[in-house]
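Colleague: Structure in structure tokens, see below.
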Amino acid sequence: ECGHGVDVAIDCLGGEIMGQCLHFLTHGARWIMIAALAGQKTEIDLKNIYVRNVRIVGSTLRSRTPKVKAQILAELVEKVFPKIESGEVKPTIYKTLPITEAEAAHEILYRGENIGKVVLVVK
């Protein structure tokens, strides 16, 4: 086990593996789909949705007005960024590599061996 389950997932990948990831969500979690870079189709056991009370939401910024986009950014700056700065919200980092190893970082992502971000450091 990795610890606490996921309460909110913002997913830009989707694809075949989406259905396999539902067990990582907590009861009442929200899964927000903003793109489907890994594919448009998946297979989901619907029982995992209703037993866990999971909400899957589709959303995109492209169709939003500049005013709405500005409001979303303002709320991020006010409500989310301070939690990141304080350490209350932390990204999961799989590996940190120097920028000179960008090709190796891409290979990690391509193989799908990471759980979390692969970070390139520029000095």
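Lettering and numbering for the structure tokens are positional, with chains as A, B, ... in the shown order, residues counted from 1 in each chain, and ligands counted from 1 in the shown order.
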Please, which residues in region 16-95 of chain A fall within 8 Å of region 105-119 of chain A when counting only C-alpha atoms, and what is the closest atom pair and distance in Å to one decimal for each, ordered by chain then residue number, as JSON lines?

Modeller:
{"residue": "A:Pro91", "atom": "CA", "partner": "A:Gly116", "partner_atom": "CA", "distance": 7.4}
{"residue": "A:Thr92", "atom": "CA", "partner": "A:Gly116", "partner_atom": "CA", "distance": 4.6}
{"residue": "A:Ile93", "atom": "CA", "partner": "A:Lys117", "partner_atom": "CA", "distance": 4.6}
{"residue": "A:Tyr94", "atom": "CA", "partner": "A:Gly116", "partner_atom": "CA", "distance": 5.0}
{"residue": "A:Lys95", "atom": "CA", "partner": "A:Val118", "partner_atom": "CA", "distance": 5.0}

Colleague: Hey, can you spit out that residue selection with N, CA, C and O atoms as a short mmCIF file (atom, residue, chain, number, x, y, z; two decimals), in the first residue's frame?

Modeller:
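Okay, this is what ended up in selection-v7.cif:
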data_model
loop_
_atom_site.label_atom_id
_atom_site.label_comp_id
_atom_site.auth_asym_id
_atom_site.auth_seq_id
_atom_site.Cartn_x
_atom_site.Cartn_y
_atom_site.Cartn_z
N PRO A 91 3.51 16.95 -4.61
CA PRO A 91 3.47 16.04 -5.76
C PRO A 91 4.24 14.77 -5.42
O PRO A 91 5.15 14.78 -4.60
N THR A 92 3.87 13.69 -6.06
CA THR A 92 4.63 12.45 -5.92
C THR A 92 5.72 12.47 -6.98
O THR A 92 5.44 12.56 -8.17
N ILE A 93 6.96 12.45 -6.53
CA ILE A 93 8.09 12.50 -7.45
C ILE A 93 8.75 11.13 -7.48
O ILE A 93 9.21 10.62 -6.46
N TYR A 94 8.78 10.54 -8.67
CA TYR A 94 9.39 9.23 -8.87
C TYR A 94 10.91 9.34 -8.94
O TYR A 94 11.62 8.60 -8.28
N LYS A 95 11.38 10.28 -9.75
CA LYS A 95 12.82 10.40 -9.95
C LYS A 95 13.16 11.82 -10.39
O LYS A 95 12.40 12.45 -11.10
#

Colleague: What residues in chain A get the DSSP label helix (DSSP H, G or I)? Please answer as a PyMOL selection string.

Modeller: chain A and resi 16-24+46-52+66-86+99-111

Colleague: Provide the CA of Thr42 (chain A) to CA of Ala9 (chain A) distance in Å, to one decimal place.

Modeller: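 We find that CA of Thr42 (chain A) and CA of Ala9 (chain A) lie 16.4 Å from each other.
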
Colleague: Separation of CA of Gly14 (chain A) and CA of Leu46 (chain A), in Å?

Modeller: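 Result for CA of Gly14 (chain A) versus CA of Leu46 (chain A): 15.9 Å, one decimal.
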
Colleague: Taking 3 positions as the minimum chain separation for residues in the same chain, which residues sit within 12 Å of Thr100 (chain A) when counting only C-alpha atoms? Answer as a PyMOL selection string.

Modeller: chain A and resi 96-97+103-106+119-123

Colleague: Could the residues in this selection be written to a file with N, CA, C and O atoms, as a PDB file, in the first residue's frame?

Modeller:
ATOM      1  N   THR A  96      14.310  12.315  -9.954  1.00  0.00           N
ATOM      2  CA  THR A  96      14.832  13.607 -10.369  1.00  0.00           C
ATOM      3  C   THR A  96      16.123  13.363 -11.144  1.00  0.00           C
ATOM      4  O   THR A  96      17.007  12.666 -10.656  1.00  0.00           O
ATOM      5  N   LEU A  97      16.189  13.922 -12.338  1.00  0.00           N
ATOM      6  CA  LEU A  97      17.355  13.733 -13.202  1.00  0.00           C
ATOM      7  C   LEU A  97      17.846  15.082 -13.709  1.00  0.00           C
ATOM      8  O   LEU A  97      17.054  16.014 -13.870  1.00  0.00           O
ATOM      9  N   GLU A 103      16.658  12.288 -22.229  1.00  0.00           N
ATOM     10  CA  GLU A 103      16.304  11.093 -23.003  1.00  0.00           C
ATOM     11  C   GLU A 103      15.985   9.920 -22.062  1.00  0.00           C
ATOM     12  O   GLU A 103      15.017   9.182 -22.279  1.00  0.00           O
ATOM     13  N   ALA A 104      16.750   9.759 -21.010  1.00  0.00           N
ATOM     14  CA  ALA A 104      16.487   8.693 -20.030  1.00  0.00           C
ATOM     15  C   ALA A 104      15.149   8.933 -19.333  1.00  0.00           C
ATOM     16  O   ALA A 104      14.397   7.989 -19.064  1.00  0.00           O
ATOM     17  N   ALA A 105      14.846  10.196 -19.045  1.00  0.00           N
ATOM     18  CA  ALA A 105      13.562  10.535 -18.422  1.00  0.00           C
ATOM     19  C   ALA A 105      12.398  10.159 -19.336  1.00  0.00           C
ATOM     20  O   ALA A 105      11.397   9.591 -18.885  1.00  0.00           O
ATOM     21  N   HIS A 106      12.535  10.451 -20.616  1.00  0.00           N
ATOM     22  CA  HIS A 106      11.492  10.087 -21.579  1.00  0.00           C
ATOM     23  C   HIS A 106      11.315   8.577 -21.649  1.00  0.00           C
ATOM     24  O   HIS A 106      10.193   8.086 -21.778  1.00  0.00           O
ATOM     25  N   VAL A 119      11.191  14.475 -12.851  1.00  0.00           N
ATOM     26  CA  VAL A 119      11.553  15.891 -12.846  1.00  0.00           C
ATOM     27  C   VAL A 119      12.938  16.066 -13.457  1.00  0.00           C
ATOM     28  O   VAL A 119      13.874  15.352 -13.111  1.00  0.00           O
ATOM     29  N   LEU A 120      13.044  17.019 -14.374  1.00  0.00           N
ATOM     30  CA  LEU A 120      14.339  17.382 -14.948  1.00  0.00           C
ATOM     31  C   LEU A 120      14.824  18.654 -14.260  1.00  0.00           C
ATOM     32  O   LEU A 120      14.104  19.648 -14.175  1.00  0.00           O
ATOM     33  N   VAL A 121      16.069  18.622 -13.781  1.00  0.00           N
ATOM     34  CA  VAL A 121      16.640  19.759 -13.069  1.00  0.00           C
ATOM     35  C   VAL A 121      17.555  20.522 -14.010  1.00  0.00           C
ATOM     36  O   VAL A 121      18.449  19.936 -14.622  1.00  0.00           O
ATOM     37  N   VAL A 122      17.336  21.827 -14.108  1.00  0.00           N
ATOM     38  CA  VAL A 122      18.161  22.715 -14.927  1.00  0.00           C
ATOM     39  C   VAL A 122      19.003  23.538 -13.989  1.00  0.00           C
ATOM     40  O   VAL A 122      18.498  24.209 -13.092  1.00  0.00           O
ATOM     41  N   LYS A 123      20.326  23.479 -14.177  1.00  0.00           N
ATOM     42  CA  LYS A 123      21.240  24.267 -13.310  1.00  0.00           C
ATOM     43  C   LYS A 123      21.898  25.355 -14.085  1.00  0.00           C
ATOM     44  O   LYS A 123      22.156  25.284 -15.218  1.00  0.00           O
TER      45      LYS A 123
END

Colleague: So which one's closest to Asp7 (chain A), A:Pro66, A:Gly28, A:Pro82, A:Gly87? Using only C-alpha atoms, please.

Modeller: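 Once distances to Asp7 (chain A) are computed over only C-alpha atoms, the minimum belongs to A:Gly28.
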
Colleague: Taking 4 positions as the minimum chain separation for residues in the same chain, which residues sit within 10 Å of Thr60 (chain A) when counting only C-alpha atoms? Answer as a list in words.

Modeller: Ile32, Met33, Ile34, Ala35 and Arg64 of chain A

Colleague: Take the selection from the previous step and output its residues with C-alpha atoms, as a compact mmCIF listing (two decimals), in the first residue's frame.

Modeller:
# COMPACT_ATOMS: atom_id res chain seq x y z
CA ILE A 32 -11.74 14.87 -13.27
CA MET A 33 -10.95 14.08 -16.90
CA ILE A 34 -9.41 17.01 -18.77
CA ALA A 35 -8.02 15.10 -21.78
CA ARG A 64 -14.28 28.52 -21.19

Colleague: Would you pick out the contacts of Gly39 (chain A) at 9 Å or less, using only C-alpha atoms, so that residues sharing its chain but fewer than 5 positions from it are not included, and give the list as a VMD selection string?

Modeller: chain A and resid 13 to 16

Colleague: Please write the residues from the selection above to a file, keeping C-alpha atoms, as a PDB file, in the first residue's frame.

Modeller:
ATOM      1  CA  LEU A  13      -4.387  10.547 -19.824  1.00  0.00           C
ATOM      2  CA  GLY A  14      -7.455   8.315 -19.576  1.00  0.00           C
ATOM      3  CA  GLY A  15      -6.929   5.323 -21.820  1.00  0.00           C
ATOM      4  CA  GLU A  16      -7.094   1.605 -21.142  1.00  0.00           C
TER       5      GLU A  16
END
